[in-house]
Structure formats: C-alpha cells, structure tokens
Amino acid sequence: MRALVIGGSLGGLFIANLLLRQDWDVEVYEHSREALSGRGAGIIPHPELFGCLRRIGIDIDETFGVNNPERVTFDRGGTVLGTLALPQLLTTWGRLHELLLGAFPASRYHLGHSFRRLETDGHAIAVQFSNGTVARADLVIAADGLRPSVRAQLAPEARPSWRKSP
C-alpha cells in the first residue's frame, strides 16, 4: 500500500514513520522550501509520546532534553514561595522534529511541494502540487497545519473552533 502525507511537521512525520514501520510505501510532501528546523517551542512529553517514539525505533537518551526535578513558584521579588516535586523530561519542538526526520528516509521527504488539488478515480488518489509534481497513492493523510489546503478542498465548510472551559 502507498501513502502520501501532506505536511512534514511533527504530525506528518509521526504518522509517516508509523506507517513506514507497518510496511507502507510512504512519501512526505512539505510546503516549505526550507528545512523546518528552529521552529516551535518547549514541549513536555507524556508517556504516550515516549511509547510512540519507541514504536518508531527512536531511543530516548540524554540528548533528548533536560530533566527537571521540580516546579518552583516565585513571588515578584524572586523569593521562592513553594516547590513541588514533579520530575519531567523537557524537550523542544526542534529536537523532536530532528529525531522524527532522522528516523524517516531522506529520499522520501520532499520540501517545496505546495498542495494544489486532489483527485480520485475510485482506485487511486492523485495529488497535484503547485510545482507540477503529481503523486499517486492508496491513502492521503492531510497533516498540513492550521490553515490546511487539503481540508479547504475537501471540506471547505469545516472550521476549527476553540471554546473556553466553563
């Protein structure tokens, strides 16, 4: 089975790596022409993330991030108000992206491919990119971010919504 992942950030690389390890023929197409390094912010991983990384074959070692043994609360003057033992391993978006990208074959990760349109003939899906590339697959996964061009074509009425908790 062949899959195309539209979007080469964290979500796209997670699913591409997982499919690859299930013997799918996977290609990732990223809109940006430049590497996505240096983006994002700090991340506090949870056990589920570590489990997923293990399934991909990524070992967590001392280069993954920084161990933080506790949380500390300060007042405005810098005096410690309290501490809470809460050990966590902190990392960054960039480090996580680097690990996921390193686990995926470089020849299957394509920069500079802006989604243009998707068509299907009932047997396969053809994806056209603005640079003229056409790729075919059995499955297309849209992991193209907050302003997704794939969703704009397939479900233009769908809009993200955020609600405040009561």
# chains A, B, ... in the order shown; residues from 1 in each chain; ligands from 1
>>> residues_around(residues="region 56-67 of chain A", least_positions_apart="4", cutoff="8 Å", atoms="only C-alpha atoms", output="mmCIF file with N, CA and C atoms, in the first residue's frame")
data_model
loop_
_atom_site.group_PDB
_atom_site.id
_atom_site.type_symbol
_atom_site.label_atom_id
_atom_site.label_comp_id
_atom_site.auth_asym_id
_atom_site.auth_seq_id
_atom_site.Cartn_x
_atom_site.Cartn_y
_atom_site.Cartn_z
ATOM 1 N N ASN A 17 6.312 7.888 9.846
ATOM 2 C CA ASN A 17 7.210 6.905 10.464
ATOM 3 C C ASN A 17 6.449 5.660 10.910
ATOM 4 N N LEU A 18 5.276 5.843 11.494
ATOM 5 C CA LEU A 18 4.499 4.697 11.959
ATOM 6 C C LEU A 18 4.011 3.844 10.787
ATOM 7 N N ARG A 21 6.822 1.734 9.286
ATOM 8 C CA ARG A 21 7.136 0.553 10.098
ATOM 9 C C ARG A 21 6.041 -0.513 10.031
ATOM 10 N N PHE A 50 6.391 9.010 24.466
ATOM 11 C CA PHE A 50 7.553 8.120 24.563
ATOM 12 C C PHE A 50 7.237 6.753 23.972
ATOM 13 N N CYS A 52 5.122 6.100 21.565
ATOM 14 C CA CYS A 52 5.096 6.259 20.104
ATOM 15 C C CYS A 52 6.512 6.334 19.540
ATOM 16 N N PRO A 87 9.025 15.481 38.685
ATOM 17 C CA PRO A 87 10.064 15.195 37.695
ATOM 18 C C PRO A 87 9.489 15.057 36.287
ATOM 19 N N GLN A 88 10.104 15.764 35.355
ATOM 20 C CA GLN A 88 9.705 15.714 33.950
ATOM 21 C C GLN A 88 10.933 15.870 33.080
ATOM 22 N N LEU A 89 10.854 15.271 31.892
ATOM 23 C CA LEU A 89 11.887 15.427 30.884
ATOM 24 C C LEU A 89 11.351 16.413 29.857
ATOM 25 N N LEU A 90 12.001 17.538 29.722
ATOM 26 C CA LEU A 90 11.571 18.598 28.813
ATOM 27 C C LEU A 90 12.387 18.547 27.534
ATOM 28 N N THR A 91 11.747 18.844 26.414
ATOM 29 C CA THR A 91 12.457 18.897 25.146
ATOM 30 C C THR A 91 11.933 20.083 24.347
ATOM 31 N N THR A 92 12.302 20.164 23.092
ATOM 32 C CA THR A 92 11.843 21.255 22.238
ATOM 33 C C THR A 92 11.216 20.684 20.975
ATOM 34 N N ARG A 95 13.991 19.651 18.548
ATOM 35 C CA ARG A 95 14.660 18.372 18.825
ATOM 36 C C ARG A 95 13.767 17.201 18.437
ATOM 37 N N LEU A 96 12.491 17.300 18.743
ATOM 38 C CA LEU A 96 11.558 16.236 18.385
ATOM 39 C C LEU A 96 11.460 16.101 16.860
ATOM 40 N N LEU A 99 14.587 14.353 15.507
ATOM 41 C CA LEU A 99 14.569 12.907 15.729
ATOM 42 C C LEU A 99 13.623 12.200 14.766
ATOM 43 N N LEU A 100 12.433 12.759 14.573
ATOM 44 C CA LEU A 100 11.466 12.139 13.661
ATOM 45 C C LEU A 100 11.955 12.178 12.216
ATOM 46 N N ALA A 103 14.635 9.604 11.595
ATOM 47 C CA ALA A 103 14.144 8.222 11.550
ATOM 48 C C ALA A 103 13.451 7.902 10.228
#
>>> residues_around(residues="Ala85 (chain A)", least_positions_apart="3", cutoff="10 Å", atoms="only C-alpha atoms", output="list in words")
Asn68, Pro69, Glu70, Arg71, Val72 and Gln88 of chain A
>>> closest_atom_pairs(of="region 6-122 of chain A", to="region 148-155 of chain A", cutoff="10 Å", atoms="only C-alpha atoms", output="Markdown table")
| residue | atom | partner | partner_atom | distance |
| --- | --- | --- | --- | --- |
| A:Ile6 | CA | A:Val150 | CA | 8.1 |
| A:Gly7 | CA | A:Pro148 | CA | 9.2 |
| A:Ser114 | CA | A:Ser149 | CA | 8.7 |
| A:Phe115 | CA | A:Ser149 | CA | 6.6 |
| A:Arg116 | CA | A:Ser149 | CA | 7.7 |
| A:Arg117 | CA | A:Gln153 | CA | 7.1 |
| A:Leu118 | CA | A:Val150 | CA | 7.8 |
>>> select_by_dssp(residues="chain A", states="helix (DSSP H, G or I)", output="MDAnalysis selection string")
chainID A and resid 10:20 47:56 93:103 106:108 149:154
>>> closest_residue(among="A:Arg55, A:His113, A:Arg163, A:Arg147", to="Ala135 (chain A)", atoms="only C-alpha atoms")
A:His113
>>> atom_distance(atom1="CA of Ser37 (chain A)", atom2="CA of Gly94 (chain A)")
5.7 Å
>>> residues_around(residues="Trp24 (chain A)", least_positions_apart="4", cutoff="8 Å", atoms="only C-alpha atoms", output="list in words")
Met1, Arg2, Ala3, Leu19 and Leu20 of chain A
>>> atom_distance(atom1="CA of Val28 (chain A)", atom2="CA of Gly40 (chain A)")
19.7 Å
>>> closest_residue(among="A:Leu10, A:Gly145, A:Val80, A:Asn131", to="Leu111 (chain A)", atoms="only C-alpha atoms")
A:Asn131
>>> residues_around(residues="His110 (chain A)", least_positions_apart="6", cutoff="9 Å", atoms="only C-alpha atoms", output="JSON, numbers by chain")
{"A": [8, 27, 28, 29, 30, 31, 33]}
>>> closest_residue(among="A:Ala106, A:Leu101, A:Leu81, A:Ala41", to="Phe14 (chain A)", atoms="only C-alpha atoms")
A:Leu101
>>> closest_residue(among="A:Gly51, A:Leu4, A:Glu98, A:Gly77", to="Asp138 (chain A)", atoms="only C-alpha atoms")
A:Leu4
>>> closest_residue(among="A:Gln22, A:Ser9, A:Ala124, A:Ser32", to="Trp93 (chain A)", atoms="only C-alpha atoms")
A:Ser9
>>> closest_residue(among="A:Gly38, A:Gly102, A:Gly78, A:Pro47", to="Leu13 (chain A)", atoms="only C-alpha atoms")
A:Gly102
